[in-house]
>>> print(open('run.csv').read())   # CSV, C-alpha atoms and all ligand atoms
chain,number,residue,atom,x,y,z
C,1,MET,CA,0.0,0.0,0.0
C,2,THR,CA,1.3,3.4,-0.8
C,3,ASP,CA,1.5,6.2,1.8
C,4,ALA,CA,-1.0,8.2,-0.2
C,5,ILE,CA,-3.8,5.8,0.6
C,6,GLN,CA,-3.2,5.3,4.3
C,7,PRO,CA,-4.9,8.1,6.3
C,8,ALA,CA,-8.6,6.9,6.3
C,9,GLY,CA,-7.8,3.7,8.2
C,10,ARG,CA,-5.2,2.4,10.6
C,11,GLY,CA,-4.4,-1.1,9.3
C,12,ASP,CA,-2.8,-2.4,6.2
C,13,ARG,CA,-5.6,-4.9,5.6
C,14,ALA,CA,-7.6,-2.8,3.2
C,15,ILE,CA,-8.8,-4.6,0.1
C,16,ILE,CA,-10.6,-1.4,-1.1
C,17,SER,CA,-9.5,2.1,-0.1
C,18,VAL,CA,-11.9,4.9,-1.0
C,19,ARG,CA,-10.2,8.3,-0.9
C,20,ASN,CA,-11.9,11.7,-1.2
C,21,LEU,CA,-14.7,10.2,-3.4
C,22,VAL,CA,-17.0,12.9,-4.9
C,23,LYS,CA,-20.1,12.4,-7.1
C,24,TYR,CA,-21.9,15.6,-8.1
C,25,PHE,CA,-24.9,15.7,-10.5
C,26,PRO,CA,-25.6,19.0,-12.4
C,27,ILE,CA,-29.0,20.7,-11.8
C,28,GLU,CA,-30.0,22.1,-15.2
C,29,SER,CA,-32.8,24.5,-16.0
C,30,GLY,CA,-34.3,26.4,-19.0
C,31,LEU,CA,-34.5,25.6,-22.7
C,32,LEU,CA,-30.7,25.7,-23.0
C,33,ARG,CA,-30.3,23.3,-20.0
C,34,ARG,CA,-28.0,25.7,-18.3
C,35,GLN,CA,-26.4,24.4,-15.1
C,36,VAL,CA,-27.9,26.2,-12.1
C,37,GLY,CA,-26.5,24.1,-9.3
C,38,LEU,CA,-25.1,20.8,-8.1
C,39,VAL,CA,-26.6,17.8,-6.3
C,40,LYS,CA,-23.8,16.7,-4.0
C,41,ALA,CA,-24.7,13.0,-3.8
C,42,VAL,CA,-21.3,11.9,-2.5
C,43,ASP,CA,-19.1,14.6,-1.0
C,44,ASP,CA,-15.5,13.8,0.0
C,45,VAL,CA,-16.0,10.2,1.3
C,46,SER,CA,-13.0,8.2,2.5
C,47,PHE,CA,-12.8,4.8,4.2
C,48,ASP,CA,-11.1,1.4,4.1
C,49,LEU,CA,-12.9,-1.9,3.5
C,50,ASN,CA,-10.7,-4.5,5.2
C,51,ASP,CA,-10.0,-8.0,3.9
C,52,GLY,CA,-12.6,-10.4,5.3
C,53,GLU,CA,-14.7,-7.9,7.2
C,54,THR,CA,-18.3,-6.7,6.8
C,55,LEU,CA,-18.6,-3.0,6.7
C,56,ALA,CA,-22.1,-1.5,6.7
C,57,LEU,CA,-22.8,1.8,5.0
C,58,VAL,CA,-26.0,3.1,6.6
C,59,GLY,CA,-28.2,6.1,6.5
C,60,GLU,CA,-31.6,7.4,5.3
C,61,SER,CA,-32.8,7.2,1.8
C,62,GLY,CA,-30.9,9.8,-0.4
C,63,CYS,CA,-27.9,10.0,1.9
C,64,GLY,CA,-25.5,8.8,-0.8
C,65,LYS,CA,-24.8,5.3,0.3
C,66,THR,CA,-26.0,3.6,-2.9
C,67,THR,CA,-24.2,6.2,-5.1
C,68,THR,CA,-21.0,5.5,-3.2
C,69,SER,CA,-21.3,1.8,-3.8
C,70,HIS,CA,-22.0,2.4,-7.5
C,71,CYS,CA,-18.9,4.7,-7.7
C,72,ILE,CA,-16.8,2.0,-6.1
C,73,ILE,CA,-17.6,-0.5,-8.9
C,74,GLN,CA,-17.5,2.3,-11.4
C,75,ALA,CA,-21.1,1.7,-12.5
C,76,GLN,CA,-21.2,5.5,-12.1
C,77,ARG,CA,-17.9,7.3,-12.7
C,78,PRO,CA,-17.1,9.6,-9.8
C,79,THR,CA,-16.6,13.3,-10.2
C,80,ALA,CA,-13.4,13.1,-8.2
C,81,GLY,CA,-11.5,10.8,-5.8
C,82,GLU,CA,-9.8,7.4,-5.9
C,83,VAL,CA,-10.9,3.8,-5.3
C,84,HIS,CA,-7.9,1.6,-4.7
C,85,PHE,CA,-8.4,-2.1,-5.0
C,86,ARG,CA,-5.8,-4.6,-3.8
C,87,ILE,CA,-5.7,-8.4,-3.7
C,88,GLY,CA,-3.2,-10.1,-1.4
C,89,ASP,CA,0.3,-8.6,-1.8
C,90,THR,CA,-0.3,-7.1,-5.2
C,91,ARG,CA,0.0,-3.3,-5.7
C,92,PRO,CA,-3.3,-1.5,-5.4
C,93,VAL,CA,-4.9,-0.4,-8.6
C,94,ASP,CA,-7.1,2.8,-8.9
C,95,LEU,CA,-10.4,1.7,-10.4
C,96,THR,CA,-11.3,5.3,-11.3
C,97,LYS,CA,-8.3,5.5,-13.7
C,98,MET,CA,-9.0,2.2,-15.5
C,99,GLU,CA,-10.1,1.8,-19.1
C,100,LYS,CA,-13.1,-0.3,-19.8
C,101,ALA,CA,-11.3,-3.6,-20.7
C,102,ASP,CA,-9.2,-3.6,-17.5
C,103,LEU,CA,-12.2,-2.6,-15.4
C,104,LYS,CA,-14.1,-5.5,-16.8
C,105,LYS,CA,-11.4,-7.8,-15.4
C,106,ALA,CA,-11.2,-6.1,-12.1
C,107,ARG,CA,-15.0,-6.3,-11.7
C,108,ARG,CA,-14.8,-10.1,-11.6
C,109,ASN,CA,-13.6,-9.6,-8.1
C,110,ILE,CA,-16.2,-7.0,-7.0
C,111,ARG,CA,-19.8,-8.1,-7.5
C,112,MET,CA,-23.1,-6.7,-6.5
C,113,ILE,CA,-26.3,-8.0,-5.1
C,114,TYR,CA,-29.3,-5.7,-5.6
C,115,GLN,CA,-32.3,-4.9,-3.4
C,116,ASP,CA,-35.2,-6.3,-5.4
C,117,PRO,CA,-34.9,-10.0,-6.4
C,118,TYR,CA,-38.1,-9.5,-8.5
C,119,SER,CA,-36.7,-6.9,-10.9
C,120,SER,CA,-33.0,-7.9,-10.8
C,121,LEU,CA,-33.6,-11.3,-12.4
C,122,ASN,CA,-34.6,-11.4,-16.1
C,123,PRO,CA,-38.0,-13.3,-16.1
C,124,ARG,CA,-37.3,-14.6,-19.6
C,125,MET,CA,-34.0,-16.4,-18.6
C,126,THR,CA,-33.6,-19.7,-16.9
C,127,LEU,CA,-31.5,-20.1,-13.8
C,128,LEU,CA,-28.8,-21.7,-16.0
C,129,GLN,CA,-28.8,-18.6,-18.2
C,130,ILE,CA,-29.0,-16.1,-15.3
C,131,ILE,CA,-26.2,-17.6,-13.2
C,132,GLY,CA,-24.2,-18.8,-16.2
C,133,GLU,CA,-24.2,-15.4,-18.0
C,134,PRO,CA,-21.2,-13.9,-16.1
C,135,LEU,CA,-19.2,-17.2,-16.6
C,136,LYS,CA,-19.8,-16.9,-20.4
C,137,ILE,CA,-19.1,-13.2,-20.6
C,138,HIS,CA,-15.8,-13.6,-18.8
C,139,GLY,CA,-14.9,-16.8,-20.8
C,140,GLN,CA,-14.8,-19.0,-17.7
C,141,VAL,CA,-16.4,-22.0,-19.3
C,142,LYS,CA,-15.5,-24.0,-22.4
C,143,SER,CA,-18.6,-26.1,-23.0
C,144,GLN,CA,-22.3,-26.3,-22.1
C,145,ASP,CA,-21.6,-29.3,-19.9
C,146,GLU,CA,-19.0,-27.3,-17.9
C,147,LEU,CA,-21.5,-24.4,-17.7
C,148,ARG,CA,-24.2,-26.8,-16.3
C,149,ALA,CA,-21.8,-28.3,-13.8
C,150,ARG,CA,-20.6,-24.8,-12.6
C,151,VAL,CA,-24.2,-23.5,-12.2
C,152,SER,CA,-25.3,-26.7,-10.4
C,153,ASP,CA,-22.4,-26.2,-7.9
C,154,LEU,CA,-23.4,-22.5,-7.4
C,155,LEU,CA,-27.0,-23.5,-6.7
C,156,ARG,CA,-25.8,-26.0,-4.1
C,157,LEU,CA,-23.7,-23.3,-2.6
C,158,VAL,CA,-26.7,-21.1,-1.9
C,159,ARG,CA,-28.7,-24.2,-0.7
C,160,LEU,CA,-31.0,-24.5,-3.8
C,161,ASP,CA,-31.7,-27.7,-5.6
C,162,PRO,CA,-29.5,-28.0,-8.7
C,163,SER,CA,-32.3,-29.8,-10.6
C,164,THR,CA,-34.1,-26.4,-10.8
C,165,LEU,CA,-31.5,-24.9,-13.3
C,166,ASN,CA,-33.9,-25.0,-16.2
C,167,ARG,CA,-36.7,-23.2,-14.4
C,168,TYR,CA,-37.6,-19.5,-14.6
C,169,PRO,CA,-37.5,-16.9,-11.7
C,170,HIS,CA,-41.3,-16.7,-11.4
C,171,ALA,CA,-41.3,-20.3,-10.0
C,172,PHE,CA,-39.4,-19.1,-6.9
C,173,SER,CA,-40.2,-17.2,-3.7
C,174,GLY,CA,-38.6,-13.8,-2.9
C,175,GLY,CA,-36.0,-15.5,-0.6
C,176,GLN,CA,-35.2,-18.1,-3.2
C,177,ARG,CA,-34.8,-15.4,-5.9
C,178,GLN,CA,-32.3,-13.6,-3.7
C,179,ARG,CA,-30.4,-16.9,-3.3
C,180,ILE,CA,-30.3,-17.0,-7.1
C,181,ALA,CA,-29.0,-13.4,-7.2
C,182,ILE,CA,-26.3,-14.4,-4.7
C,183,ALA,CA,-25.3,-17.4,-6.8
C,184,ARG,CA,-24.9,-15.1,-9.8
C,185,ALA,CA,-22.9,-12.7,-7.8
C,186,LEU,CA,-20.6,-15.5,-6.6
C,187,SER,CA,-20.2,-17.1,-10.1
C,188,LEU,CA,-16.9,-15.5,-10.8
C,189,SER,CA,-15.4,-16.2,-7.3
C,190,PRO,CA,-15.2,-12.6,-6.3
C,191,LYS,CA,-13.2,-11.3,-3.3
C,192,VAL,CA,-15.7,-8.5,-2.5
C,193,VAL,CA,-19.5,-8.5,-2.5
C,194,ILE,CA,-21.5,-5.3,-2.3
C,195,ALA,CA,-24.9,-6.0,-1.0
C,196,ASP,CA,-27.2,-3.0,-1.8
C,197,GLU,CA,-30.2,-3.3,0.6
C,198,ALA,CA,-30.0,-7.0,-0.2
C,199,VAL,CA,-32.7,-8.1,2.3
C,200,SER,CA,-34.9,-5.0,2.7
C,201,ALA,CA,-37.5,-6.2,0.1
C,202,LEU,CA,-37.9,-9.5,2.0
C,203,ASP,CA,-40.2,-10.6,4.9
C,204,VAL,CA,-38.5,-10.5,8.3
C,205,SER,CA,-38.2,-14.3,8.7
C,206,VAL,CA,-36.8,-14.6,5.1
C,207,GLN,CA,-34.4,-11.8,5.9
C,208,ALA,CA,-32.8,-13.8,8.7
C,209,GLN,CA,-32.3,-16.8,6.4
C,210,ILE,CA,-30.6,-14.7,3.8
C,211,LEU,CA,-28.4,-12.9,6.4
C,212,ASN,CA,-27.4,-16.3,7.8
C,213,LEU,CA,-26.6,-17.6,4.4
C,214,LEU,CA,-24.4,-14.5,3.7
C,215,LYS,CA,-22.6,-15.1,7.0
C,216,GLU,CA,-22.0,-18.8,6.2
C,217,LEU,CA,-20.7,-18.0,2.7
C,218,GLN,CA,-18.4,-15.4,4.1
C,219,ARG,CA,-16.8,-18.0,6.4
C,220,GLU,CA,-16.7,-20.7,3.7
C,221,LEU,CA,-15.3,-18.4,0.9
C,222,GLY,CA,-13.4,-15.7,2.8
C,223,LEU,CA,-15.6,-13.0,1.3
C,224,THR,CA,-15.4,-9.3,2.2
C,225,TYR,CA,-18.8,-7.5,2.3
C,226,LEU,CA,-19.8,-3.9,1.9
C,227,PHE,CA,-23.4,-4.0,3.2
C,228,VAL,CA,-25.5,-1.0,2.1
C,229,ALA,CA,-28.6,-0.7,4.4
C,230,HIS,CA,-31.0,1.8,6.0
C,231,ASN,CA,-32.1,-0.7,8.7
C,232,LEU,CA,-29.8,-0.5,11.7
C,233,ALA,CA,-31.3,-3.6,13.3
C,234,VAL,CA,-30.1,-5.7,10.3
C,235,VAL,CA,-26.7,-4.1,10.4
C,236,LYS,CA,-26.1,-4.7,14.1
C,237,TYR,CA,-25.8,-8.5,13.7
C,238,GLU,CA,-24.2,-8.5,10.3
C,239,ALA,CA,-21.4,-5.9,10.4
C,240,ASP,CA,-18.0,-5.8,12.0
C,241,ARG,CA,-17.9,-2.0,11.5
C,242,VAL,CA,-20.5,0.6,10.6
C,243,ALA,CA,-20.1,3.8,8.6
C,244,VAL,CA,-23.1,6.2,9.0
C,245,MET,CA,-23.8,8.6,6.1
C,246,TYR,CA,-25.7,11.9,6.1
C,247,ALA,CA,-26.0,14.3,3.1
C,248,GLY,CA,-23.3,12.7,1.1
C,249,LYS,CA,-20.7,12.4,3.9
C,250,ILE,CA,-19.6,9.8,6.4
C,251,VAL,CA,-20.5,11.4,9.8
C,252,GLU,CA,-19.4,8.5,12.0
C,253,ILE,CA,-17.4,5.2,11.5
C,254,GLY,CA,-16.4,2.7,14.0
C,255,GLU,CA,-16.7,-0.9,15.3
C,256,THR,CA,-20.3,-2.0,15.5
C,257,GLU,CA,-20.5,-2.7,19.2
C,258,GLU,CA,-18.7,0.5,20.1
C,259,LEU,CA,-20.8,2.6,17.8
C,260,TYR,CA,-24.1,1.1,19.1
C,261,THR,CA,-23.2,1.5,22.8
C,262,CYS,CA,-21.4,4.8,22.6
C,263,PRO,CA,-22.4,6.7,19.4
C,264,LYS,CA,-20.3,9.8,18.9
C,265,HIS,CA,-22.5,11.7,16.4
C,266,PRO,CA,-26.0,13.0,17.2
C,267,TYR,CA,-27.4,11.6,13.9
C,268,THR,CA,-26.1,8.1,14.8
C,269,GLU,CA,-27.6,8.5,18.3
C,270,ALA,CA,-31.1,9.3,16.7
C,271,LEU,CA,-30.9,6.4,14.2
C,272,ILE,CA,-30.0,3.9,16.9
C,273,SER,CA,-32.8,5.1,19.2
C,274,ALA,CA,-35.3,4.6,16.4
C,275,ALA,CA,-34.2,1.1,15.6
C,276,PRO,CA,-36.1,-1.9,17.1
C,277,ASN,CA,-34.2,-3.1,20.1
C,278,PRO,CA,-34.9,-6.5,21.8
C,279,ASP,CA,-32.1,-6.0,24.4
C,280,PRO,CA,-33.9,-5.9,27.8
C,281,ASP,CA,-31.2,-3.7,29.3
C,282,THR,CA,-31.5,-1.0,26.8
C,283,LYS,CA,-34.9,-1.4,25.1
C,284,ASN,CA,-36.6,1.3,27.3
C,285,ARG,CA,-34.2,4.0,26.2
C,286,PRO,CA,-36.1,7.1,25.1
C,287,ARG,CA,-36.6,7.5,21.3
C,288,ILE,CA,-35.1,10.6,19.8
C,289,VAL,CA,-37.4,12.0,17.1
C,290,LEU,CA,-35.6,13.9,14.4
C,291,THR,CA,-37.5,17.0,13.3
C,292,GLY,CA,-37.2,18.6,9.9
C,293,ASP,CA,-36.5,17.0,6.6
C,294,VAL,CA,-33.4,15.1,5.4
C,295,ALA,CA,-30.9,17.6,4.0
C,296,ASP,CA,-31.5,18.3,0.3
C,297,PRO,CA,-28.2,17.4,-1.5
C,298,GLY,CA,-29.0,20.0,-4.1
C,299,ASN,CA,-29.3,22.8,-1.5
C,300,LEU,CA,-27.3,21.9,1.6
C,301,PRO,CA,-27.2,24.2,4.6
C,302,GLY,CA,-23.9,25.8,5.5
C,303,GLY,CA,-21.6,24.4,8.1
C,304,CYS,CA,-22.6,21.0,9.5
C,305,SER,CA,-25.4,19.7,7.1
C,306,PHE,CA,-27.1,18.1,10.1
C,307,HIS,CA,-27.5,21.4,12.1
C,308,PRO,CA,-31.1,22.1,11.2
C,309,ARG,CA,-32.1,18.8,12.8
C,310,CYS,CA,-29.6,18.5,15.6
C,311,ARG,CA,-30.7,19.1,19.1
C,312,TYR,CA,-27.1,20.0,20.2
C,313,ALA,CA,-26.5,22.6,17.4
C,314,GLU,CA,-24.5,25.7,18.3
C,315,ASP,CA,-23.6,28.8,16.3
C,316,LEU,CA,-20.3,27.2,15.3
C,317,CYS,CA,-22.3,24.3,13.6
C,318,LYS,CA,-23.9,26.8,11.2
C,319,GLN,CA,-20.6,28.3,10.2
C,320,GLU,CA,-18.0,25.5,10.0
C,321,THR,CA,-18.3,22.0,8.5
C,322,PRO,CA,-16.8,19.5,11.0
C,323,PRO,CA,-14.2,17.2,9.6
C,324,LEU,CA,-14.2,13.4,10.2
C,325,MET,CA,-11.9,13.2,13.2
C,326,GLU,CA,-10.3,10.2,15.0
C,327,LEU,CA,-11.6,9.9,18.6
C,328,SER,CA,-9.9,6.8,20.0
C,329,ALA,CA,-6.3,6.6,21.2
C,330,ALA,CA,-3.4,5.0,19.3
C,331,GLY,CA,-3.6,1.3,19.6
C,332,GLU,CA,-7.4,1.2,20.1
C,333,PRO,CA,-9.8,0.4,17.3
C,334,SER,CA,-10.5,3.4,15.2
C,335,HIS,CA,-13.7,5.5,15.9
C,336,GLN,CA,-14.2,8.6,13.9
C,337,SER,CA,-16.9,11.3,14.1
C,338,ALA,CA,-17.7,14.5,12.1
C,339,CYS,CA,-19.1,16.6,15.0
C,340,HIS,CA,-17.7,19.7,16.5
C,341,PHE,CA,-18.7,18.4,19.9
C,342,ALA,CA,-18.0,14.7,19.6
C,343,ASP,CA,-15.6,14.8,22.5
C,344,ARG,CA,-18.3,16.2,24.7
C,345,LEU,CA,-20.9,13.5,23.7
C,346,SER,CA,-20.9,11.3,26.8
C,347,LEU,CA,-23.7,9.1,25.9
C,348,ALA,CA,-23.5,6.3,28.4
C,349,GLY,CA,-26.5,4.8,26.7
C,350,ILE,CA,-28.7,6.3,24.1
C,351,GLY,CA,-30.6,9.3,25.4
C,352,ALA,CA,-29.3,8.7,28.9
C,353,ALA,CA,-27.3,11.9,29.0
C,354,GLU,CA,-27.6,15.3,27.4
C,355,LEU,CA,-24.7,16.9,25.7
C,356,THR,CA,-23.1,19.5,28.0
C,357,THR,CA,-22.7,22.6,25.9
C,358,ASP,CA,-21.9,26.3,26.6
C,359,ARG,CA,-25.6,27.0,25.8
C,360,ASP,CA,-26.8,24.7,28.5
C,361,ALA,CA,-24.3,26.2,31.0
C,362,ALA,CA,-25.5,29.7,30.2
C,401,LIG,FE1,-24.9,18.7,15.8
C,401,LIG,FE2,-23.1,20.6,15.6
C,401,LIG,FE3,-22.3,18.1,15.9
C,401,LIG,FE4,-23.4,18.9,13.6
C,401,LIG,S1,-21.5,19.6,14.5
C,401,LIG,S2,-23.9,17.0,14.6
C,401,LIG,S3,-24.9,20.4,14.3
C,401,LIG,S4,-23.5,19.3,17.4
>>> encode(input="run.csv", output="structure tokens")
Amino acid sequence: MTDAIQPAGRGDRAIISVRNLVKYFPIESGLLRRQVGLVKAVDDVSFDLNDGETLALVGESGCGKTTTSHCIIQAQRPTAGEVHFRIGDTRPVDLTKMEKADLKKARRNIRMIYQDPYSSLNPRMTLLQIIGEPLKIHGQVKSQDELRARVSDLLRLVRLDPSTLNRYPHAFSGGQRQRIAIARALSLSPKVVIADEAVSALDVSVQAQILNLLKELQRELGLTYLFVAHNLAVVKYEADRVAVMYAGKIVEIGETEELYTCPKHPYTEALISAAPNPDPDTKNRPRIVLTGDVADPGNLPGGCSFHPRCRYAEDLCKQETPPLMELSAAGEPSHQSACHFADRLSLAGIGAAELTTDRDAA
């Protein structure tokens, strides 16, 4: 790893290093389609995805988490920034600088599972065609017999009956369809899987089955997951680390347990308080209701984008954008927050303590 791609993490285990990623969309108006503004969908995002871990990218709809994942695999080309991808001891390559042919090869190792298993599978294709398509495109099979054998193995891998390979998606339930989508994603033996709201369209009981399958596959195949989700309850049991996004930026990132028990950003605190919590020790914590709308990425407020909704906001928050800062000491697991008053957040349990501010003291 080069020095240039070290700062956003502490380890050297990064398989993907995202640095200063930006994705802006122009706002156009009038007959001449003149640009009158920018939608800042992703605004200076940096993080490491470590080999073998599950990192969850969470936030409300429109916060930029899906655009970030699309910019990682270059399904959308970023406006600026770098996405370094490294396998084993090889030198990292910057996916943002790659030409189409090289990118196609790199994408074998980074595959996506999409939210809706009903629309992501072509209803006119059999399982053999759906799961076998990436193998054929990337020249991984030499004969139809080999294709059938490989697809049968993939169906067994996701706990589906291989005798179903000539059937169409409509013959399967939502959970089974998501297993088919997972089999397709794994067909090229990737290192990294990006799961974009992969269980949010499913019933709760089916969600648990798919989450268990993903965990088992991670252990069996040594996969690394980037888990894009809005549901914090799902993330709590799936992720090793969590990155919380708001208005195109990461506002907090840390180990899951630490972030849930001791959040260091008021937005994280509110999200956690609103998530279903079966833990008898903490389930009676008061819920923090966020007032106001989610920040409009085409018209962001000055300073901290969260300030119109933040119950701890001070004048400083309206004037200066807080950077993402390291809070834990050297040698401890990294915990970063983008809040001017993160060091004063002494939340020994969600909602258990108020932030002590100058305003309160006055
Ligand atoms: Fe709230 Fe200010 Fe922290 Fe932003 S910087 S989260 S407005 S306290």
>>> residues_around(input="run.csv", residues="Ala185 of chain C", least_positions_apart="5", cutoff="9 Å", atoms="all atoms listed in the file", output="CSV table (one decimal) with C-alpha atoms, in the coordinates of the input")
chain,number,residue,atom,x,y,z
C,110,ILE,CA,-16.2,-7.0,-7.0
C,111,ARG,CA,-19.8,-8.1,-7.5
C,112,MET,CA,-23.1,-6.7,-6.5
C,113,ILE,CA,-26.3,-8.0,-5.1
C,131,ILE,CA,-26.2,-17.6,-13.2
C,134,PRO,CA,-21.2,-13.9,-16.1
C,180,ILE,CA,-30.3,-17.0,-7.1
C,190,PRO,CA,-15.2,-12.6,-6.3
C,193,VAL,CA,-19.5,-8.5,-2.5
>>> residues_around(input="run.csv", residues="Leu202 of chain C", least_positions_apart="6", cutoff="10 Å", atoms="all atoms listed in the file", output="PyMOL selection string")
chain C and resi 115-117+173-175+178+208+210
>>> write_last_selection(input="run.csv", atoms="C-alpha atoms", output="CSV table (one decimal), in the frame of the given file")
chain,number,residue,atom,x,y,z
C,115,GLN,CA,-32.3,-4.9,-3.4
C,116,ASP,CA,-35.2,-6.3,-5.4
C,117,PRO,CA,-34.9,-10.0,-6.4
C,173,SER,CA,-40.2,-17.2,-3.7
C,174,GLY,CA,-38.6,-13.8,-2.9
C,175,GLY,CA,-36.0,-15.5,-0.6
C,178,GLN,CA,-32.3,-13.6,-3.7
C,208,ALA,CA,-32.8,-13.8,8.7
C,210,ILE,CA,-30.6,-14.7,3.8
>>> residues_near_ligand(input="run.csv", ligand="ligand LIG 401 (chain C)", cutoff="9 Å", atoms="all atoms listed in the file", output="ChimeraX atom specification")
/C:251,265-267,303-318,320-322,337-342,345,355
>>> closest_residue(input="run.csv", among="C:Ala229, C:Cys63, C:Cys71, C:Ala330", to="Glu197 of chain C", atoms="all atoms listed in the file")
C:Ala229
>>> atom_distance(input="run.csv", atom1="atom CA of Arg19 of chain C", atom2="atom CA of Ser46 of chain C")
4.4 Å
>>> closest_residue(input="run.csv", among="C:His230, C:Arg77, C:His84, C:Arg179", to="Leu213 of chain C", atoms="only C-alpha atoms")
C:Arg179
>>> closest_residue(input="run.csv", among="C:Arg219, C:Ala247, C:Thr90, C:Gly64", to="Asp293 of chain C", atoms="all atoms listed in the file")
C:Ala247
>>> residues_around(input="run.csv", residues="His335 of chain C", least_positions_apart="4", cutoff="6 Å", atoms="all atoms listed in the file", output="PDB file with C-alpha atoms, in the frame of the given file")
ATOM      1  CA  ILE C 253     -17.400   5.200  11.500  1.00  0.00           C
ATOM      2  CA  GLY C 254     -16.400   2.700  14.000  1.00  0.00           C
ATOM      3  CA  GLU C 326     -10.300  10.200  15.000  1.00  0.00           C
ATOM      4  CA  LEU C 327     -11.600   9.900  18.600  1.00  0.00           C
ATOM      5  CA  SER C 328      -9.900   6.800  20.000  1.00  0.00           C
TER       6      SER C 328
END
>>> atom_distance(input="run.csv", atom1="atom CA of Gly248 of chain C", atom2="atom CA of Ala41 of chain C")
5.1 Å
>>> atom_distance(input="run.csv", atom1="atom CA of Leu121 of chain C", atom2="atom CA of Ala181 of chain C")
7.3 Å
>>> residues_around(input="run.csv", residues="Lys249 of chain C", least_positions_apart="2", cutoff="7 Å", atoms="all atoms listed in the file", output="PDB file with C-alpha atoms, in the coordinates of the input")
ATOM      1  CA  VAL C  42     -21.300  11.900  -2.500  1.00  0.00           C
ATOM      2  CA  ASP C  43     -19.100  14.600  -1.000  1.00  0.00           C
ATOM      3  CA  ASP C  44     -15.500  13.800   0.000  1.00  0.00           C
ATOM      4  CA  VAL C  45     -16.000  10.200   1.300  1.00  0.00           C
ATOM      5  CA  MET C 245     -23.800   8.600   6.100  1.00  0.00           C
ATOM      6  CA  TYR C 246     -25.700  11.900   6.100  1.00  0.00           C
ATOM      7  CA  ALA C 247     -26.000  14.300   3.100  1.00  0.00           C
ATOM      8  CA  VAL C 251     -20.500  11.400   9.800  1.00  0.00           C
TER       9      VAL C 251
END
>>> closest_residue(input="run.csv", among="C:Ser69, C:Gly298, C:Glu238, C:Arg344", to="Pro26 of chain C", atoms="all atoms listed in the file")
C:Gly298
>>> residues_around(input="run.csv", residues="Asp94 of chain C", least_positions_apart="3", cutoff="8 Å", atoms="all atoms listed in the file", output="PyMOL selection string")
chain C and resi 82-85+97-98
>>> closest_atom_pairs(input="run.csv", of="segment 182-276 of chain C", to="segment 56-61 of chain C", cutoff="8 Å", atoms="all atoms listed in the file", output="tab-separated table")
residue	atom	partner	partner_atom	distance
C:Leu226	CA	C:Ala56	CA	5.8
C:Phe227	CA	C:Ala56	CA	4.5
C:Val228	CA	C:Leu57	CA	4.9
C:Ala229	CA	C:Val58	CA	5.1
C:His230	CA	C:Gly59	CA	5.2
C:Asn231	CA	C:Val58	CA	7.5
C:Leu232	CA	C:Val58	CA	7.3
C:Val235	CA	C:Ala56	CA	6.5
C:Ala239	CA	C:Ala56	CA	5.8
C:Asp240	CA	C:Ala56	CA	8.0
C:Arg241	CA	C:Ala56	CA	6.4
C:Val242	CA	C:Ala56	CA	4.7
C:Ala243	CA	C:Leu57	CA	4.9
C:Val244	CA	C:Val58	CA	4.9
C:Met245	CA	C:Gly59	CA	5.1
C:Tyr246	CA	C:Gly59	CA	6.3
>>> closest_residue(input="run.csv", among="C:Val141, C:Leu259, C:Val294, C:Ile15", to="Leu49 of chain C", atoms="all atoms listed in the file")
C:Ile15
